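Engineer: One structure, pasted below without further comment.
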Amino acid sequence: MDSADTHTPGQQPETPFHDLDHYLSIPRVGGLSLSPDGTRLVTTVTTLNGKGTEFATALWEIDPTGQRPSRRITRSSKGEAGAVFASTGDLYFTSARPDPESPDADPVNALWLLPSGGGEARVVHSRSGGISSVMAAKDVDATFINAEVLAGSSDEDDDEERRKARKDNKVSAILHSGYPVRYWDADLGPAEPRLFAVEQSEDKEPGKPSTVDAARSLKLRNLTPGVGGSLREAKTVVSPDGKTIYTSLTKALAKADSREVLAAVDVATGYVKVLLDHEGMSYFPGPVSPDNRTLVVESESDTTPTQAPQVKLHLLNVADGGTMDLEPLAHQWDRWATALAWLPDGSAILAKADDDGASPVFRVDVADGGVTRVTKDSAAYSDVVVSPDGATAYALRSSYEFPPEAVRIDLATGEAVRLPAPAERPAYKGRLERVETAAEDGSRVPAYLALPEGASEETPAPLLLWIHGGPLGSWNAWTWRWNPWLLVAKGYAVLLPDPALSTGYGQEFIQRGWGEWGKKPYTDLMAITDAVVERPDIDGSRTAAMGGSFGGYMANWVAGQTDRFKAIVTHASLWALDQFGPTTDAAQYWLKEMTKEMAMENSPHLNVGNIKTPMLVIHGDKDYRVPIGEGLRLWYELLSSSQLPADDNGQSPHRFLYFPDENHWVLQPQHAKVWYGVVEHFLAKQVLGEDVAVPEELGL
């Protein structure tokens with residue numbers, strides 16, 4: 001193993017990836033907001049607290065011209081998030097940090113404002129149920145929030161009283177009348193999300209003497225009191241003139257099914273009008289045109305056991321008297337695109353789409369639907385905002401060579417320039433290659449291969465096959481949770497393939513694996529593994545497979561089909577598909593994708609008797625997407641029915657890493673250290689024949 005693993009206190013490791021404490025300390029950039037005049041760019045930076053036990057966020061300002069260094073503009077132990085510029089240049093954000101004017105109040109996520117002219121941030125509105133997010137109109141001073149209310153509350157005062165009563169009486173029970181009841185790691189209800197307009201009241205804050213800096217108090221006007229729980233998964237946008245909010249609403253259907261419809265909320269009256277509602281289709285709002293007349297709409301068709309979803313862009317005339325007929329936009333483009341922003345002159349929109357191991361920015365012309373790739377590199381772009389003159393865009397860019405960073409994009413040339421950031425790119429030792437092979441049906445199977453420094457014919461590297469989740473996704477952007485460079489620093493090569501069902505290669509590439517997870521996706525993975533182990537710098541006798549979620553499902557499937565790997569790591573994985581289907585938090589989607597017969601044909605648990613490979617099972621108890629029952633049943637059946645059962649003393653080569661308070665992901669910093677430490681221990685023993693200690697925090 002690497003000598004840097006045993007570095008002494010105070011000694012710097014070779015790179016941040018040689019030591020988990022240094023890795024967790026790397027600043028993480030997320031989100032981007034541009035001021036109306038284009039002179040200020042704000043992002044959120046997440047860092048590790050002093051104890052190393054939690055991540056904290058803060059707002060940083062980045063100079064759009066790239067001339068000045070970035071600077072931190074907020075600071076608190078609770079952190080800040082959700083930065084949004086108002087048309088006035090004021091910056092809104094949410095935070096649970098204490099209000100200096102009410103230091104004894106219970107901490108709650110409140111709405112804060114940082115004035116454009118400078119000065120201290122202040123709380124502009126706080127409510128007992130907290131505030132989830134903030135939105136602002138681009139052209140007028142109009143602000144809106146998303147916040148939860150108890151379903152039976154008549155107003156904000158009643159909501160506060162009801163919440164206090166539940167808390168004081170220690171009542172946590174929830175009575176449901178519909179589906180779903182859980183989401184990822186959250187129990188839904190009894191609170192439901194609502195959209196509110198943030199408005200000034202007529203008087204200054206009641207009960208306070210008039211002072212020089214006394215501000216008018218703000219009030220919330222509930223725009224969607226009657227929508228029930230239909231805003232729980234809503235995508236919402238505000239028109240530039242602040243007159244309309246466009247949102248998706250979840251429409252409940254028979255047999256616990258649902259789909260998303262598109263609605264417009266009139267800000268003046270609160271009237272909610274459904275614009276698009278068609279059987280078999282869900283609709284989501286994209287950005288609104290600068291003249292407020294046209295809305296980009298994203299549609300997604302329902303899946304069936306034989307048909308993968310199709311994702312398309314459309315234009316919708318939302319001006320007065322509009323026909324509400326959808327106009328196709330770039331339907332000849334064989335990619336799943338997300339609309340990001342309009343150009344100021346209304347001639348085109350900027351969009352992103354997975355594309356052959358990248359996620360570039362594209363320009364889509366409104367007149368003819370023509371698509372032009374803007375960014376030329378193999379990176380993934382997100383959080384795109386456009387300058388007022390339309391010549392420049394700003395975005396976050398990442399790849400497997402660097403984490404997200406703010407860049408300025410010349411929209412004429414596509415050149416992307418990195419802007420001064422709170423931290424430099426973390427250095428890694430190794431190299432990244434793009435590799436591919438042909439599947440048994442002739443289809444191309446592409447992948448990234450991260451190789452350790454010094455991998456060669458003389459010193460070939462052991463190989464880790466990493467299988468992505470989704471399954472509708474792609475290995476194309478930096479990930480903090482599954483970061484290949486941590487294992488590369490230990491001497492492994494990491495293979496990141498995009499098998500059938502992956503996005504970025506066209507509809508047919510998705511369709512060829514649809515409903516048959518154990519067929520094309522599996523054979524694609526084996527084909528690319530076969531090709532890579534033939535390389536002289538790879539040691540084909542020392543290999544392992546790893547995956548999470550769908551990737552964990554596939555790791556389980558691999559375990560029951562072949563004993564070619566020395567070890568298999570399966571995280572938050574699907575095991576028994578008949579059990580998983582009705583118990584996941586989104587059964588209404590899952591049960592459309594496979595018939596009962598298809599689910600059984602593709603269920604890994606039926607092959608447990610074939611498993612000869614030591615497996616590390618990892619699962620969090622708060623995982624509602626892949627419920628803990630999958631991990632518990634997998635663990636029991638591995639011990640009782642695989643070809644590597646426990647001995648008479650209950651000892652087994654298999655291992656189960658259980659997190660009682662983690663969800664689908666492992667988010668707490670020290671748990672992330674434990675995760676990687678146990679994975680390294682397991683792989684070292686099974687793949688390398690070496691003894692690496694388990695993390696001390698496990699108490700073993």
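If you're wondering about the labels, chains in the structure tokens are A, B, ... by order shown, residues count from 1 in each chain, ligands from 1 in order shown.
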Would you list the contacts of range 236-238 of chain A as a list in words, taking every protein, DNA or RNA residue within 7 Å and counting only C-alpha atoms, but skipping same-chain residues closer than 3 positions in sequence?

Structural biologist: Ala136, Ala137, Gly242, Thr244, Ile245, Tyr246, Thr247, Ser248, Pro285 and Pro287 of chain A

Engineer: Put those residues in a file: N, CA and C atoms, as a PDB file, in the first residue's frame.

Structural biologist:
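Heads up, here's the output in selection04.pdb:
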```pdb
ATOM      1  N   ALA A 136     -36.958  34.836  -7.217  1.00  0.00           N
ATOM      2  CA  ALA A 136     -37.167  36.264  -7.478  1.00  0.00           C
ATOM      3  C   ALA A 136     -37.391  36.478  -8.963  1.00  0.00           C
ATOM      4  N   ALA A 137     -38.217  37.461  -9.298  1.00  0.00           N
ATOM      5  CA  ALA A 137     -38.426  37.853 -10.692  1.00  0.00           C
ATOM      6  C   ALA A 137     -37.200  38.613 -11.185  1.00  0.00           C
ATOM      7  N   GLY A 242     -42.668  38.906 -13.048  1.00  0.00           N
ATOM      8  CA  GLY A 242     -43.168  38.593 -11.719  1.00  0.00           C
ATOM      9  C   GLY A 242     -44.651  38.365 -11.625  1.00  0.00           C
ATOM     10  N   THR A 244     -46.408  35.751 -13.052  1.00  0.00           N
ATOM     11  CA  THR A 244     -46.838  34.360 -13.136  1.00  0.00           C
ATOM     12  C   THR A 244     -45.745  33.433 -12.625  1.00  0.00           C
ATOM     13  N   ILE A 245     -46.158  32.418 -11.896  1.00  0.00           N
ATOM     14  CA  ILE A 245     -45.261  31.328 -11.511  1.00  0.00           C
ATOM     15  C   ILE A 245     -45.717  30.083 -12.248  1.00  0.00           C
ATOM     16  N   TYR A 246     -44.803  29.459 -12.961  1.00  0.00           N
ATOM     17  CA  TYR A 246     -45.107  28.210 -13.658  1.00  0.00           C
ATOM     18  C   TYR A 246     -44.535  27.061 -12.840  1.00  0.00           C
ATOM     19  N   THR A 247     -45.344  26.034 -12.667  1.00  0.00           N
ATOM     20  CA  THR A 247     -44.920  24.940 -11.805  1.00  0.00           C
ATOM     21  C   THR A 247     -45.498  23.616 -12.277  1.00  0.00           C
ATOM     22  N   SER A 248     -44.786  22.552 -11.962  1.00  0.00           N
ATOM     23  CA  SER A 248     -45.371  21.230 -12.144  1.00  0.00           C
ATOM     24  C   SER A 248     -46.153  20.880 -10.887  1.00  0.00           C
ATOM     25  N   PRO A 285     -41.838  22.895 -16.178  1.00  0.00           N
ATOM     26  CA  PRO A 285     -41.514  24.193 -16.774  1.00  0.00           C
ATOM     27  C   PRO A 285     -40.012  24.409 -16.896  1.00  0.00           C
ATOM     28  N   PRO A 287     -37.239  27.642 -18.537  1.00  0.00           N
ATOM     29  CA  PRO A 287     -37.188  29.100 -18.391  1.00  0.00           C
ATOM     30  C   PRO A 287     -38.228  29.817 -19.245  1.00  0.00           C
TER      31      PRO A 287
END
```

Engineer: Could you give me, as a ChimeraX atom specification, each residue of range 155-256 of chain A that DSSP assigns to strand (DSSP E) when run on this structure's backbone?

Structural biologist: /A:182-183,186-187,191-204,216-222,236-238,244-252

Engineer: Give me a file of those residues, with C-alpha atoms, as an mmCIF file, in the first residue's frame.

Structural biologist:
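Everything below was put into selection_3.cif:
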```cif
data_model
loop_
_atom_site.group_PDB
_atom_site.id
_atom_site.type_symbol
_atom_site.label_atom_id
_atom_site.label_comp_id
_atom_site.auth_asym_id
_atom_site.auth_seq_id
_atom_site.Cartn_x
_atom_site.Cartn_y
_atom_site.Cartn_z
ATOM 1 C CA ARG A 182 -42.010 8.870 1.915
ATOM 2 C CA TYR A 183 -39.386 10.494 -0.295
ATOM 3 C CA ALA A 186 -38.057 12.165 4.468
ATOM 4 C CA ASP A 187 -41.428 11.149 5.874
ATOM 5 C CA ALA A 191 -46.824 19.503 6.405
ATOM 6 C CA GLU A 192 -47.230 20.270 2.700
ATOM 7 C CA PRO A 193 -45.316 22.749 0.491
ATOM 8 C CA ARG A 194 -46.926 25.988 -0.619
ATOM 9 C CA LEU A 195 -45.837 28.940 -2.743
ATOM 10 C CA PHE A 196 -45.941 32.349 -1.067
ATOM 11 C CA ALA A 197 -45.508 35.901 -2.313
ATOM 12 C CA VAL A 198 -43.293 37.943 0.007
ATOM 13 C CA GLU A 199 -44.884 41.369 0.382
ATOM 14 C CA GLN A 200 -44.441 44.466 2.512
ATOM 15 C CA SER A 201 -47.048 45.270 5.101
ATOM 16 C CA GLU A 202 -48.338 48.797 5.500
ATOM 17 C CA ASP A 203 -46.713 49.426 8.851
ATOM 18 C CA LYS A 204 -43.294 49.075 10.366
ATOM 19 C CA ARG A 216 -41.362 47.702 7.131
ATOM 20 C CA SER A 217 -42.334 44.220 8.196
ATOM 21 C CA LEU A 218 -42.925 41.593 5.544
ATOM 22 C CA LYS A 219 -45.922 39.331 5.229
ATOM 23 C CA LEU A 220 -46.516 36.137 3.282
ATOM 24 C CA ARG A 221 -49.458 35.687 0.945
ATOM 25 C CA ASN A 222 -50.261 32.047 0.277
ATOM 26 C CA THR A 236 -40.971 26.003 -10.402
ATOM 27 C CA VAL A 237 -39.976 29.118 -12.385
ATOM 28 C CA VAL A 238 -40.975 32.786 -12.145
ATOM 29 C CA THR A 244 -46.838 34.360 -13.136
ATOM 30 C CA ILE A 245 -45.261 31.328 -11.511
ATOM 31 C CA TYR A 246 -45.107 28.210 -13.658
ATOM 32 C CA THR A 247 -44.920 24.940 -11.805
ATOM 33 C CA SER A 248 -45.371 21.230 -12.144
ATOM 34 C CA LEU A 249 -48.052 19.681 -9.951
ATOM 35 C CA THR A 250 -48.313 16.029 -9.030
ATOM 36 C CA LYS A 251 -51.712 14.755 -10.135
ATOM 37 C CA ALA A 252 -52.945 11.755 -8.154
#
```

Engineer: Name all residues at most 6 Å from range 600-612 of chain A (count only C-alpha atoms; drop same-chain ones fewer than 2 positions away) and give them as a PyMOL selection string.

Structural biologist: chain A and resi 518+556-557+559-560+575-577+597-598+641-644

Engineer: Convert the current residue selection to file output with C-alpha atoms, as a PDB file, in the first residue's frame.

Structural biologist:
```pdb
ATOM      1  CA  GLY A 518     -29.572  -8.629 -16.340  1.00  0.00           C
ATOM      2  CA  ASN A 556     -25.468  -8.273  -6.940  1.00  0.00           C
ATOM      3  CA  TRP A 557     -26.372  -9.594 -10.376  1.00  0.00           C
ATOM      4  CA  ALA A 559     -22.082 -11.897  -8.098  1.00  0.00           C
ATOM      5  CA  GLY A 560     -24.707 -14.468  -9.068  1.00  0.00           C
ATOM      6  CA  TRP A 575     -31.728  -7.486  -4.164  1.00  0.00           C
ATOM      7  CA  ALA A 576     -35.235  -8.999  -4.375  1.00  0.00           C
ATOM      8  CA  LEU A 577     -37.190  -7.126  -7.031  1.00  0.00           C
ATOM      9  CA  GLU A 597     -42.480 -11.881 -14.579  1.00  0.00           C
ATOM     10  CA  MET A 598     -39.757  -9.514 -15.812  1.00  0.00           C
ATOM     11  CA  SER A 641     -27.548 -19.635   1.086  1.00  0.00           C
ATOM     12  CA  SER A 642     -24.427 -18.487  -0.789  1.00  0.00           C
ATOM     13  CA  GLN A 643     -21.474 -20.791  -1.393  1.00  0.00           C
ATOM     14  CA  LEU A 644     -19.542 -18.803   1.229  1.00  0.00           C
TER      15      LEU A 644
END
```

Engineer: With only C-alpha atoms as the atoms that count, which of A:Val666, A:Ala337, A:Val407, A:Leu275 lies nearest to Val385 in chain A?

Structural biologist: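 Closest residue, counting only C-alpha atoms: A:Val407.
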
Engineer: If you measure from CA of Ala393 in chain A to CA of Leu350 in chain A, what distance in Å do you get, rounded to one decimal?

Structural biologist: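 Straight-line distance from CA of Ala393 in chain A to CA of Leu350 in chain A works out to 9.3 Å.
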
Engineer: With only C-alpha atoms as the atoms that count, which of A:Val288, A:Leu340, A:Leu667, A:Ala81 lies nearest to Val386 in chain A?

Structural biologist: A:Leu340

Engineer: Using only C-alpha atoms, can you tell me which of A:Ala412, A:Ala86, A:Val171, A:Ala531 comes closest to Lys138 in chain A?

Structural biologist: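 Of all the options, A:Ala86 lies closest to Lys138 in chain A.
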
Engineer: Counting only C-alpha atoms, figure out which residue out of A:His671, A:Arg127, A:His681, A:Arg397 gets nearest to Asp155 in chain A.

Structural biologist: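 Checking each of A:His671, A:Arg127, A:His681, A:Arg397 against Asp155 in chain A, counting only C-alpha atoms, the winner is A:Arg127.
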